[in-house]
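K.L.:
Handing you a structure now.
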Amino acid sequence: MKKIAILISLFIPIVLMAQSSMTDQKVFEYVVKQYEMGASQSEIAADLLKKGVDIKQLQRVKNKYGKEYLSLMSSKKQSTVMNDDRGRTPNGESDPQRTSIADYFTDTSSLLLLMEMKKAEDEHSLIFGHDIFRTDELSFEPNMNIATPEDYLLGAGDVVYIDVYGASQQTIEGTISPDGYITISDFGPVSLAGLTVKQANARLVQHLGTRYEGSKIKLSVGQTRTIMVNVMGEVETPGTYTLSAFASVFHALYMAGGVNKIGTLRDIRVYRKNKLITSVDIYDYILNGQLSGNVQLCDNDVIIVGSYDCLVTIEGKVKRPMIYEMKRSETLSQLLGYAGGFTGDAYTKSVRVMRKTGRDLSVFSVDDSNINTFTMADQDVVKVDSIIQRYSNAIEIRGAVFRPGLYQLGEKIRTVRQLVQYAEGVTEYAFLDHAVLQRMKLDRTLEVVSLNLAGILDGTAPDVYLRNEDVLIVPSVEPVKMNQTLTIHGEVFAPGTYKFASNMTIEDLILQAGGLKESASSVKVDVARRIIDPKATTDSSMRSMTYSFELRDGFVVDASPDFTLQPYDEVYVRQSPGYSVQENVTVMGEVLFAGTYTLSKQNCRLSDIIAAAGGTTMMANIHGARLERKVNPEEKLRMQQSVLMKKNKDLNGVNDTINIRNISVNDTYFVGIDLSKALDNPGCDEDIVLHKDDRIIVPRLINTVRISGEVMYPNTVGFIGGEVASYYISQAGGYSNNARRSRGYIIYQNGKVAKLSRNAKPAPGCEIVIPAKKERNNMATAAQWATISTSLATIVALLISVL
């Protein structure tokens, strides 16, 4: 259990990161892979920390990959795990920091311990500034690619270059010895340790100037030395650190992991040769960017991080509510500065401070006059409340004014008249005889004060003084008037709904609708009017009033001159019964003048159009002529209903002889005609009346007959006058075994279909069709007979045994 607790404690930083982008499967595979590679628990924990894995995800992994799966994985690697040196130190001893891979996920008590420690870590992480030395993005590492500053103190280990140029040219390289000297050949040792770069240059000029007369001497630092710095006190990892000679206090604190949960950020002290040389306040750097205390360290410097003086929590309406470390002399005003100040909705008149006095709790209400003198104590909790969601000097105007909204109640606006004036006055639709003033009573309930706004505005009624949170409502008749419309139907160019205007006549509305079409009737224009009787006490059978008018010269209405339209009137302009447009039909095939022809009268017939087309040619098959007609909307609807009824029957299990797959709703259909009879006897029943867009097709004479379907050899043979259907079927080899002879039919070229009989006489160009018999499920029938036979055999066997 101790091993598990040590292991889980290494996972605690994980919870401080953001949501992991790794899936549960990836987390498990990563841990197993790292474990098998011999990574330590601290290394695995650090990597998972960077990847953002949290306790909830670890719990999910535990539930998903339990002991069964882990046992399976362990069995696959049992020999390797038992024989290798994992879990042991290089000396062969057992490593107390290593534990079973299953312990990473399967120990519930360890996970609960982790949750408790997570809570404490979360509280610690809320202290402002404590995470500054724990981020990789801010390491405070010194920049080594800069020129050595002149105030840099030289010391043992620094590599220096002495350049002599001018009359003499020479470069002297050397390393400062532990006793602080650099030895120059043919001259001797020169003491440089403890001097700045500027001081060292002056000393070299003084010692070597006579030797290199007429030349200049300059010292530069090459590779700087390293220094040993001790970081002690309340840091995460106290100890001695080897740093660059350019390192500062912040870099040393970063190397030590920053302060721990009781360490101070406000008074970090640096000692050099047992003397205090500086005190660092991290808040000065975080909040103000000041680096005054962040001095350059020297060898054997000691950094001491003490414990904090007091931690103060600030909550509520501040910009950065957190826990802040305060000095005992600092005030509430400074704390608010650390928190970024009040938010816009904060109550600033008074701030509450909860304090532990050593015996009990106390509360202090610090107003804005004492905020600069009230000092903070450890464990203080400061709460900044939000403002009350009420106005202290607001009034509102709504309704039929040009600028409705909130206004300030004050010297300029005190009365109802002044409020209306500041709202730019009332609109044209305002109803001024009865305005409403909503007023808040002391118990926050509303009361209504009725106002004669017209009298207040013209001075005939006394003005009313306003109070805070009053609401003045100016009613409007605009919704009723704006929605009043007129509608016009029928033979105008733009029928539709139009906005009502007073004194509008029928002529005005017709003109607004684009004028009359040429199809409009001038003897009948109807106006339908609503019946409005607000005083009615009984129901009436009348729903509207209708007025009929006659137009003269296009727009003069034959009615009383004062007749005008009322709101919601509907005007109907009828089509003239004497108006009609051209309707065309098409003649194709074997006629003298094929093309499009206009129906000259309502009952124009086949014979009329064929005569207009010059009659048929010598090669025309008059008996095979056919008529193709477009489906009108009524016919199409009827056909669609028929298909729908058939589908409903199929869904309800009602069988029909019609195959639904053979039913389609097309745009055209064929009409069976007998053009020969129509031409021989014009006006007879066969001489049908044509419709708009009909197509008459007179085919060329075809002296063949086609036989298809269930015959031995479907064929097309020459037509022989007088021969019956059986002759043509014999020409196709006769019926096949699957032929349904009684259902045969003939399709004539003119579109007619007749039932096939033995003595039926086909016509030229027709087709004889022999359908197939209905398919039977022979396997199902055989199975039924087998079942019946088995049952009968069983009965017979029982009878024999009984007898």
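Labels for the structure tokens follow display order: chains A, B, ..., residues from 1 in each chain, ligands from 1.
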Leaving out Asp685 of chain A and any residue of its chain fewer than 2 positions from it, which residues lie within 12 Å of it when counting only C-alpha atoms, given as a list in words?

P.N.:
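Everything that qualifies: Arg605, Leu606, Ser607, Ile673, Asp674, Leu675, Lys677, Ala678, Leu679, Asp680, Asn681, Pro682, Gly683, Asp687, Ile688 and Val689 of chain A.
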
K.L.:
Please, which residues of segment 314-366 of chain A, numbered as in this document, come out strand (DSSP E or B) from DSSP, as a tab-separated table (two decimals) with C-alpha atoms, in the first residue's frame?

P.N.:
chain	number	residue	atom	x	y	z
A	314	ILE	CA	-11.12	38.01	-2.30
A	315	GLU	CA	-14.40	36.91	-3.86
A	316	GLY	CA	-17.25	38.42	-5.78
A	318	VAL	CA	-13.59	41.89	-8.80
A	323	ILE	CA	-6.06	34.14	-2.97
A	324	TYR	CA	-3.39	36.83	-2.58
A	325	GLU	CA	-0.32	37.01	-0.36
A	326	MET	CA	-0.30	40.26	1.54
A	331	THR	CA	-4.40	47.71	3.02
A	342	PHE	CA	-13.93	46.30	-9.18
A	346	ALA	CA	-19.70	45.76	-8.24
A	350	SER	CA	-18.96	49.06	1.15
A	351	VAL	CA	-16.87	45.87	1.17
A	352	ARG	CA	-17.32	43.06	3.69
A	353	VAL	CA	-14.30	41.47	5.38
A	354	MET	CA	-14.61	38.16	7.31
A	355	ARG	CA	-11.84	37.73	9.90
A	356	LYS	CA	-10.77	35.00	12.32
A	361	LEU	CA	-15.33	35.15	13.59
A	362	SER	CA	-15.85	38.83	12.99
A	363	VAL	CA	-17.21	40.79	10.07
A	364	PHE	CA	-16.16	44.31	9.09
A	365	SER	CA	-18.05	46.58	6.73
A	366	VAL	CA	-15.39	48.77	5.15

K.L.:
Within 12 Å of Val312 of chain A, counting only C-alpha atoms, which residues show up once you throw out same-chain ones fewer than 2 positions away? Write them as an mmCIF file with all heavy atoms, in the first residue's frame, please.

P.N.:
data_model
loop_
_atom_site.group_PDB
_atom_site.id
_atom_site.type_symbol
_atom_site.label_atom_id
_atom_site.label_comp_id
_atom_site.auth_asym_id
_atom_site.auth_seq_id
_atom_site.Cartn_x
_atom_site.Cartn_y
_atom_site.Cartn_z
ATOM 1 N N LEU A 126 -4.575 28.195 -6.402
ATOM 2 C CA LEU A 126 -5.350 29.413 -6.542
ATOM 3 C C LEU A 126 -4.630 30.635 -5.978
ATOM 4 O O LEU A 126 -5.107 31.747 -6.130
ATOM 5 C CB LEU A 126 -6.711 29.252 -5.838
ATOM 6 C CG LEU A 126 -7.688 28.274 -6.489
ATOM 7 C CD1 LEU A 126 -8.934 28.147 -5.640
ATOM 8 C CD2 LEU A 126 -8.036 28.726 -7.888
ATOM 9 N N ILE A 127 -3.499 30.446 -5.293
ATOM 10 C CA ILE A 127 -2.756 31.579 -4.736
ATOM 11 C C ILE A 127 -2.085 32.323 -5.890
ATOM 12 O O ILE A 127 -1.350 31.736 -6.674
ATOM 13 C CB ILE A 127 -1.718 31.109 -3.706
ATOM 14 C CG1 ILE A 127 -2.405 30.353 -2.560
ATOM 15 C CG2 ILE A 127 -0.935 32.293 -3.163
ATOM 16 C CD1 ILE A 127 -1.451 29.763 -1.558
ATOM 17 N N PHE A 128 -2.350 33.582 -5.960
ATOM 18 C CA PHE A 128 -1.862 34.387 -7.082
ATOM 19 C C PHE A 128 -0.341 34.397 -7.114
ATOM 20 O O PHE A 128 0.319 34.707 -6.131
ATOM 21 C CB PHE A 128 -2.391 35.815 -6.954
ATOM 22 C CG PHE A 128 -1.938 36.727 -8.044
ATOM 23 C CD1 PHE A 128 -2.453 36.627 -9.323
ATOM 24 C CD2 PHE A 128 -0.983 37.703 -7.794
ATOM 25 C CE1 PHE A 128 -2.035 37.476 -10.324
ATOM 26 C CE2 PHE A 128 -0.557 38.556 -8.787
ATOM 27 C CZ PHE A 128 -1.075 38.439 -10.068
ATOM 28 N N TYR A 308 4.924 32.812 4.255
ATOM 29 C CA TYR A 308 4.126 34.004 3.967
ATOM 30 C C TYR A 308 3.658 34.670 5.266
ATOM 31 O O TYR A 308 3.527 34.016 6.308
ATOM 32 C CB TYR A 308 2.935 33.662 3.084
ATOM 33 C CG TYR A 308 1.944 32.714 3.719
ATOM 34 C CD1 TYR A 308 0.937 33.179 4.588
ATOM 35 C CD2 TYR A 308 1.972 31.350 3.447
ATOM 36 C CE1 TYR A 308 0.030 32.323 5.156
ATOM 37 C CE2 TYR A 308 1.052 30.482 4.013
ATOM 38 C CZ TYR A 308 0.076 30.971 4.872
ATOM 39 O OH TYR A 308 -0.833 30.126 5.446
ATOM 40 N N ASP A 309 3.387 35.963 5.182
ATOM 41 C CA ASP A 309 2.830 36.691 6.322
ATOM 42 C C ASP A 309 1.341 36.406 6.457
ATOM 43 O O ASP A 309 0.860 36.005 7.508
ATOM 44 C CB ASP A 309 3.067 38.200 6.160
ATOM 45 C CG ASP A 309 4.455 38.602 6.623
ATOM 46 O OD1 ASP A 309 5.095 37.780 7.301
ATOM 47 O OD2 ASP A 309 4.892 39.715 6.296
ATOM 48 N N CYS A 310 0.594 36.668 5.376
ATOM 49 C CA CYS A 310 -0.842 36.399 5.442
ATOM 50 C C CYS A 310 -1.378 36.160 4.032
ATOM 51 O O CYS A 310 -0.911 36.763 3.063
ATOM 52 C CB CYS A 310 -1.600 37.551 6.116
ATOM 53 S SG CYS A 310 -1.426 39.144 5.292
ATOM 54 N N ILE A 314 -10.159 37.005 -1.860
ATOM 55 C CA ILE A 314 -11.119 38.013 -2.298
ATOM 56 C C ILE A 314 -12.078 37.359 -3.286
ATOM 57 O O ILE A 314 -11.659 36.660 -4.213
ATOM 58 C CB ILE A 314 -10.418 39.248 -2.903
ATOM 59 C CG1 ILE A 314 -11.448 40.325 -3.235
ATOM 60 C CG2 ILE A 314 -9.575 38.880 -4.100
ATOM 61 C CD1 ILE A 314 -10.833 41.677 -3.552
ATOM 62 N N GLU A 315 -13.361 37.542 -3.058
ATOM 63 C CA GLU A 315 -14.403 36.910 -3.856
ATOM 64 C C GLU A 315 -15.380 37.964 -4.356
ATOM 65 O O GLU A 315 -15.421 39.085 -3.852
ATOM 66 C CB GLU A 315 -15.170 35.866 -3.020
ATOM 67 C CG GLU A 315 -14.298 34.795 -2.409
ATOM 68 C CD GLU A 315 -15.079 33.923 -1.434
ATOM 69 O OE1 GLU A 315 -16.241 34.300 -1.116
ATOM 70 O OE2 GLU A 315 -14.541 32.904 -0.993
ATOM 71 N N PRO A 321 -10.748 37.353 -8.927
ATOM 72 C CA PRO A 321 -10.940 36.805 -7.577
ATOM 73 C C PRO A 321 -10.014 35.611 -7.352
ATOM 74 O O PRO A 321 -10.059 34.630 -8.094
ATOM 75 C CB PRO A 321 -12.415 36.392 -7.582
ATOM 76 C CG PRO A 321 -12.770 36.195 -9.022
ATOM 77 C CD PRO A 321 -11.921 37.132 -9.801
ATOM 78 N N MET A 322 -9.148 35.699 -6.361
ATOM 79 C CA MET A 322 -8.187 34.640 -6.059
ATOM 80 C C MET A 322 -7.750 34.788 -4.606
ATOM 81 O O MET A 322 -8.268 35.621 -3.857
ATOM 82 C CB MET A 322 -6.955 34.722 -6.984
ATOM 83 C CG MET A 322 -7.198 34.334 -8.429
ATOM 84 S SD MET A 322 -5.680 34.330 -9.401
ATOM 85 C CE MET A 322 -4.883 32.863 -8.761
ATOM 86 N N ILE A 323 -6.734 34.003 -4.261
ATOM 87 C CA ILE A 323 -6.058 34.141 -2.969
ATOM 88 C C ILE A 323 -4.773 34.931 -3.214
ATOM 89 O O ILE A 323 -3.999 34.607 -4.115
ATOM 90 C CB ILE A 323 -5.741 32.773 -2.347
ATOM 91 C CG1 ILE A 323 -7.033 31.968 -2.156
ATOM 92 C CG2 ILE A 323 -5.005 32.935 -1.026
ATOM 93 C CD1 ILE A 323 -6.786 30.542 -1.700
ATOM 94 N N TYR A 324 -4.549 35.974 -2.407
ATOM 95 C CA TYR A 324 -3.385 36.833 -2.580
ATOM 96 C C TYR A 324 -2.549 36.827 -1.298
ATOM 97 O O TYR A 324 -3.094 36.766 -0.184
ATOM 98 C CB TYR A 324 -3.802 38.263 -2.922
ATOM 99 C CG TYR A 324 -4.438 38.387 -4.287
ATOM 100 C CD1 TYR A 324 -5.813 38.217 -4.450
ATOM 101 C CD2 TYR A 324 -3.672 38.662 -5.412
ATOM 102 C CE1 TYR A 324 -6.399 38.325 -5.698
ATOM 103 C CE2 TYR A 324 -4.246 38.767 -6.664
ATOM 104 C CZ TYR A 324 -5.607 38.597 -6.801
ATOM 105 O OH TYR A 324 -6.186 38.692 -8.041
ATOM 106 N N GLU A 325 -1.235 36.885 -1.511
ATOM 107 C CA GLU A 325 -0.323 37.005 -0.364
ATOM 108 C C GLU A 325 -0.134 38.489 -0.079
ATOM 109 O O GLU A 325 0.232 39.267 -0.961
ATOM 110 C CB GLU A 325 1.015 36.342 -0.681
ATOM 111 C CG GLU A 325 1.995 36.431 0.479
ATOM 112 C CD GLU A 325 3.359 35.876 0.145
ATOM 113 O OE1 GLU A 325 3.490 35.202 -0.899
ATOM 114 O OE2 GLU A 325 4.314 36.143 0.916
ATOM 115 N N MET A 326 -0.379 38.853 1.153
ATOM 116 C CA MET A 326 -0.303 40.258 1.544
ATOM 117 C C MET A 326 0.768 40.437 2.628
ATOM 118 O O MET A 326 1.034 39.539 3.425
ATOM 119 C CB MET A 326 -1.656 40.726 2.091
ATOM 120 C CG MET A 326 -2.825 40.538 1.145
ATOM 121 S SD MET A 326 -2.799 41.700 -0.219
ATOM 122 C CE MET A 326 -3.101 43.232 0.665
ATOM 123 N N LYS A 327 1.347 41.617 2.634
ATOM 124 C CA LYS A 327 2.178 42.024 3.768
ATOM 125 C C LYS A 327 1.270 42.602 4.838
ATOM 126 O O LYS A 327 0.207 43.159 4.543
ATOM 127 C CB LYS A 327 3.202 43.057 3.314
ATOM 128 C CG LYS A 327 4.189 42.530 2.270
ATOM 129 C CD LYS A 327 5.170 43.601 1.844
ATOM 130 C CE LYS A 327 6.149 43.061 0.809
ATOM 131 N NZ LYS A 327 7.113 44.096 0.349
ATOM 132 N N ARG A 328 1.703 42.503 6.078
ATOM 133 C CA ARG A 328 0.822 42.907 7.175
ATOM 134 C C ARG A 328 0.548 44.408 7.176
ATOM 135 O O ARG A 328 -0.422 44.854 7.765
ATOM 136 C CB ARG A 328 1.422 42.479 8.515
ATOM 137 C CG ARG A 328 1.472 40.968 8.671
ATOM 138 C CD ARG A 328 1.743 40.534 10.095
ATOM 139 N NE ARG A 328 1.777 39.072 10.221
ATOM 140 C CZ ARG A 328 0.696 38.323 10.396
ATOM 141 N NH1 ARG A 328 -0.481 38.902 10.494
ATOM 142 N NH2 ARG A 328 0.814 37.007 10.498
ATOM 143 N N GLU A 330 -0.063 46.079 4.410
ATOM 144 C CA GLU A 330 -0.827 46.444 3.212
ATOM 145 C C GLU A 330 -2.313 46.546 3.538
ATOM 146 O O GLU A 330 -2.831 45.857 4.427
ATOM 147 C CB GLU A 330 -0.583 45.430 2.089
ATOM 148 C CG GLU A 330 0.821 45.532 1.517
ATOM 149 C CD GLU A 330 1.025 44.596 0.344
ATOM 150 O OE1 GLU A 330 0.521 43.450 0.399
ATOM 151 O OE2 GLU A 330 1.705 44.991 -0.615
ATOM 152 N N THR A 331 -3.005 47.361 2.751
ATOM 153 C CA THR A 331 -4.398 47.706 3.023
ATOM 154 C C THR A 331 -5.342 47.024 2.027
ATOM 155 O O THR A 331 -4.920 46.404 1.046
ATOM 156 C CB THR A 331 -4.592 49.226 2.947
ATOM 157 O OG1 THR A 331 -4.322 49.665 1.618
ATOM 158 C CG2 THR A 331 -3.658 49.936 3.915
ATOM 159 N N LEU A 332 -6.632 47.193 2.320
ATOM 160 C CA LEU A 332 -7.659 46.648 1.449
ATOM 161 C C LEU A 332 -7.598 47.281 0.058
ATOM 162 O O LEU A 332 -7.863 46.616 -0.958
ATOM 163 C CB LEU A 332 -9.038 46.871 2.080
ATOM 164 C CG LEU A 332 -10.258 46.383 1.304
ATOM 165 C CD1 LEU A 332 -10.156 44.918 0.967
ATOM 166 C CD2 LEU A 332 -11.541 46.668 2.089
ATOM 167 N N GLN A 334 -4.921 48.143 -1.558
ATOM 168 C CA GLN A 334 -3.869 47.469 -2.308
ATOM 169 C C GLN A 334 -4.317 46.079 -2.764
ATOM 170 O O GLN A 334 -3.980 45.622 -3.851
ATOM 171 C CB GLN A 334 -2.601 47.376 -1.453
ATOM 172 C CG GLN A 334 -1.930 48.725 -1.217
ATOM 173 C CD GLN A 334 -0.785 48.650 -0.223
ATOM 174 O OE1 GLN A 334 -1.006 48.339 0.953
ATOM 175 N NE2 GLN A 334 0.428 48.928 -0.693
ATOM 176 N N LEU A 335 -5.084 45.381 -1.917
ATOM 177 C CA LEU A 335 -5.622 44.076 -2.304
ATOM 178 C C LEU A 335 -6.523 44.212 -3.535
ATOM 179 O O LEU A 335 -6.453 43.401 -4.472
ATOM 180 C CB LEU A 335 -6.398 43.459 -1.139
ATOM 181 C CG LEU A 335 -7.150 42.164 -1.458
ATOM 182 C CD1 LEU A 335 -6.178 41.056 -1.851
ATOM 183 C CD2 LEU A 335 -8.008 41.724 -0.264
ATOM 184 N N LEU A 336 -7.366 45.233 -3.536
ATOM 185 C CA LEU A 336 -8.230 45.452 -4.699
ATOM 186 C C LEU A 336 -7.402 45.742 -5.944
ATOM 187 O O LEU A 336 -7.761 45.348 -7.058
ATOM 188 C CB LEU A 336 -9.195 46.597 -4.422
ATOM 189 C CG LEU A 336 -10.290 46.312 -3.386
ATOM 190 C CD1 LEU A 336 -11.037 47.593 -3.028
ATOM 191 C CD2 LEU A 336 -11.264 45.255 -3.907
ATOM 192 N N TYR A 338 -4.386 44.461 -6.510
ATOM 193 C CA TYR A 338 -3.873 43.169 -6.944
ATOM 194 C C TYR A 338 -4.946 42.387 -7.719
ATOM 195 O O TYR A 338 -4.643 41.678 -8.680
ATOM 196 C CB TYR A 338 -3.408 42.341 -5.750
ATOM 197 C CG TYR A 338 -2.232 42.936 -4.998
ATOM 198 C CD1 TYR A 338 -2.029 42.656 -3.644
ATOM 199 C CD2 TYR A 338 -1.322 43.768 -5.635
ATOM 200 C CE1 TYR A 338 -0.962 43.195 -2.957
ATOM 201 C CE2 TYR A 338 -0.247 44.313 -4.948
ATOM 202 C CZ TYR A 338 -0.080 44.028 -3.606
ATOM 203 O OH TYR A 338 0.986 44.566 -2.924
ATOM 204 N N ALA A 339 -6.201 42.493 -7.301
ATOM 205 C CA ALA A 339 -7.308 41.765 -7.934
ATOM 206 C C ALA A 339 -7.807 42.443 -9.197
ATOM 207 O O ALA A 339 -8.792 41.995 -9.781
ATOM 208 C CB ALA A 339 -8.462 41.598 -6.947
ATOM 209 N N VAL A 353 -15.504 42.228 5.077
ATOM 210 C CA VAL A 353 -14.298 41.468 5.382
ATOM 211 C C VAL A 353 -14.618 40.513 6.525
ATOM 212 O O VAL A 353 -15.043 40.939 7.612
ATOM 213 C CB VAL A 353 -13.129 42.397 5.780
ATOM 214 C CG1 VAL A 353 -11.889 41.568 6.119
ATOM 215 C CG2 VAL A 353 -12.826 43.381 4.656
ATOM 216 N N MET A 354 -14.437 39.182 6.284
ATOM 217 C CA MET A 354 -14.615 38.163 7.314
ATOM 218 C C MET A 354 -13.244 37.848 7.920
ATOM 219 O O MET A 354 -12.295 37.540 7.179
ATOM 220 C CB MET A 354 -15.228 36.892 6.710
ATOM 221 C CG MET A 354 -16.456 37.133 5.866
ATOM 222 S SD MET A 354 -17.827 37.827 6.793
ATOM 223 C CE MET A 354 -19.036 38.033 5.481
ATOM 224 N N ARG A 355 -13.144 37.885 9.258
ATOM 225 C CA ARG A 355 -11.845 37.727 9.904
ATOM 226 C C ARG A 355 -11.950 36.739 11.053
ATOM 227 O O ARG A 355 -12.930 36.729 11.810
ATOM 228 C CB ARG A 355 -11.338 39.085 10.403
ATOM 229 C CG ARG A 355 -10.008 39.047 11.167
ATOM 230 C CD ARG A 355 -9.423 40.437 11.332
ATOM 231 N NE ARG A 355 -9.046 40.997 10.029
ATOM 232 C CZ ARG A 355 -8.573 42.235 9.883
ATOM 233 N NH1 ARG A 355 -8.449 43.034 10.940
ATOM 234 N NH2 ARG A 355 -8.236 42.667 8.699
ATOM 235 N N LYS A 356 -10.899 35.921 11.190
ATOM 236 C CA LYS A 356 -10.771 35.002 12.323
ATOM 237 C C LYS A 356 -9.952 35.724 13.394
ATOM 238 O O LYS A 356 -8.785 36.047 13.182
ATOM 239 C CB LYS A 356 -10.092 33.711 11.891
ATOM 240 C CG LYS A 356 -10.813 32.964 10.770
ATOM 241 C CD LYS A 356 -10.030 31.733 10.351
ATOM 242 C CE LYS A 356 -10.757 30.974 9.252
ATOM 243 N NZ LYS A 356 -10.870 31.726 7.991
ATOM 244 N N THR A 375 -6.139 47.628 7.204
ATOM 245 C CA THR A 375 -5.062 46.670 6.923
ATOM 246 C C THR A 375 -5.605 45.252 6.974
ATOM 247 O O THR A 375 -6.589 44.956 7.662
ATOM 248 C CB THR A 375 -3.934 46.820 7.943
ATOM 249 O OG1 THR A 375 -4.464 46.668 9.263
ATOM 250 C CG2 THR A 375 -3.275 48.178 7.800
ATOM 251 N N MET A 376 -4.922 44.348 6.239
ATOM 252 C CA MET A 376 -5.373 42.980 6.116
ATOM 253 C C MET A 376 -4.681 42.071 7.114
ATOM 254 O O MET A 376 -3.583 42.368 7.590
ATOM 255 C CB MET A 376 -5.113 42.461 4.685
ATOM 256 C CG MET A 376 -5.660 43.355 3.572
ATOM 257 S SD MET A 376 -7.413 43.771 3.802
ATOM 258 C CE MET A 376 -8.128 42.127 3.763
ATOM 259 N N ALA A 377 -5.338 40.945 7.435
ATOM 260 C CA ALA A 377 -4.798 39.946 8.351
ATOM 261 C C ALA A 377 -4.881 38.579 7.676
ATOM 262 O O ALA A 377 -5.625 38.373 6.714
ATOM 263 C CB ALA A 377 -5.577 39.949 9.669
ATOM 264 N N ASP A 378 -4.097 37.634 8.218
ATOM 265 C CA ASP A 378 -4.056 36.296 7.634
ATOM 266 C C ASP A 378 -5.435 35.638 7.711
ATOM 267 O O ASP A 378 -6.158 35.759 8.701
ATOM 268 C CB ASP A 378 -3.021 35.450 8.378
ATOM 269 C CG ASP A 378 -2.764 34.123 7.666
ATOM 270 O OD1 ASP A 378 -2.968 34.065 6.439
ATOM 271 O OD2 ASP A 378 -2.358 33.155 8.335
ATOM 272 N N GLN A 379 -5.778 34.910 6.632
ATOM 273 C CA GLN A 379 -7.043 34.189 6.490
ATOM 274 C C GLN A 379 -8.255 35.102 6.362
ATOM 275 O O GLN A 379 -9.403 34.646 6.516
ATOM 276 C CB GLN A 379 -7.243 33.214 7.664
ATOM 277 C CG GLN A 379 -6.178 32.137 7.768
ATOM 278 C CD GLN A 379 -6.136 31.232 6.537
ATOM 279 O OE1 GLN A 379 -7.163 30.797 6.059
ATOM 280 N NE2 GLN A 379 -4.930 30.993 6.029
ATOM 281 N N ASP A 380 -8.052 36.392 6.112
ATOM 282 C CA ASP A 380 -9.190 37.276 5.827
ATOM 283 C C ASP A 380 -9.876 36.832 4.535
ATOM 284 O O ASP A 380 -9.230 36.364 3.587
ATOM 285 C CB ASP A 380 -8.731 38.721 5.676
ATOM 286 C CG ASP A 380 -8.568 39.411 7.015
ATOM 287 O OD1 ASP A 380 -8.897 38.780 8.040
ATOM 288 O OD2 ASP A 380 -8.107 40.569 7.047
ATOM 289 N N VAL A 381 -11.203 36.984 4.508
ATOM 290 C CA VAL A 381 -11.995 36.722 3.304
ATOM 291 C C VAL A 381 -12.743 38.010 2.970
ATOM 292 O O VAL A 381 -13.553 38.489 3.767
ATOM 293 C CB VAL A 381 -12.975 35.556 3.509
ATOM 294 C CG1 VAL A 381 -13.827 35.357 2.247
ATOM 295 C CG2 VAL A 381 -12.224 34.272 3.849
ATOM 296 N N VAL A 382 -12.459 38.556 1.806
ATOM 297 C CA VAL A 382 -13.073 39.802 1.359
ATOM 298 C C VAL A 382 -14.137 39.465 0.323
ATOM 299 O O VAL A 382 -13.865 38.747 -0.642
ATOM 300 C CB VAL A 382 -12.017 40.752 0.768
ATOM 301 C CG1 VAL A 382 -12.666 42.041 0.289
ATOM 302 C CG2 VAL A 382 -10.922 41.037 1.801
ATOM 303 N N LYS A 383 -15.332 39.998 0.526
ATOM 304 C CA LYS A 383 -16.436 39.737 -0.391
ATOM 305 C C LYS A 383 -16.941 41.059 -0.947
ATOM 306 O O LYS A 383 -17.284 41.970 -0.188
ATOM 307 C CB LYS A 383 -17.564 38.996 0.314
ATOM 308 C CG LYS A 383 -17.159 37.587 0.768
ATOM 309 C CD LYS A 383 -18.334 36.803 1.327
ATOM 310 C CE LYS A 383 -17.904 35.390 1.709
ATOM 311 N NZ LYS A 383 -19.050 34.594 2.216
#

K.L.:
Just the residues within 12 Å of Ala625 of chain A, please, counting only C-alpha atoms, with nothing from its chain fewer than 2 positions along; format it as JSON, numbers by chain.

P.N.:
{"A": [587, 588, 589, 590, 591, 606, 610, 616, 620, 621, 622, 623, 627, 628, 670, 671, 672, 673, 674, 675, 676, 677, 678, 679, 695, 696, 697, 698, 699, 700, 701, 702, 748, 749, 750, 751, 752, 764, 765, 766]}

K.L.:
Name all residues at most 10 Å from Pro238 of chain A (count only C-alpha atoms; drop same-chain ones fewer than 2 positions away) and give them as a list of chain:residue names.

P.N.:
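Near Pro238 of chain A, the qualifying residues are A:Asn230, A:Val231, A:Met232, A:Gly233, A:Glu234, A:Val235, A:Glu236, A:Thr240, A:Tyr241, A:Leu253, A:Met255, A:Ala256, A:Gly257, A:Gly258, A:Val259, A:Ile303, A:Ile304, A:Val305.
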
K.L.:
Report, in Å with one decimal, the straight-line distance from atom CA of Tyr498 of chain A to atom CA of Arg574 of chain A.

P.N.:
18.9 Å

K.L.:
Mind the document's chain letters and residue numbers, and return as a list in words the residues of segment 442-482 of chain A that DSSP labels helix (DSSP H, G or I).

P.N.:
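Answer for segment 442-482 of chain A restricted to helix (DSSP H, G or I) is Leu453, Ala454, Gly455, Ile456, Leu457, Asp458, Glu478, Pro479, Val480, Lys481 and Met482 of chain A.
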
K.L.:
Name all residues at most 10 Å from Gly293 of chain A (count only C-alpha atoms; drop same-chain ones fewer than 4 positions away) and give them as a PyMOL selection string.

P.N.:
chain A and resi 248-250+268-270+277-282+284-285

K.L.:
One decimal, in Å: what's the spacing between atom CA of Asn274 of chain A and atom CA of Val190 of chain A?

P.N.:
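That distance, rounded to one decimal, is 28.3 Å.
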
K.L.:
Calculated over only C-alpha atoms, which of the candidates A:His434, A:Leu486, A:Asp301, A:Leu466 has the smallest distance to Ile397 of chain A?

P.N.:
A:Leu466
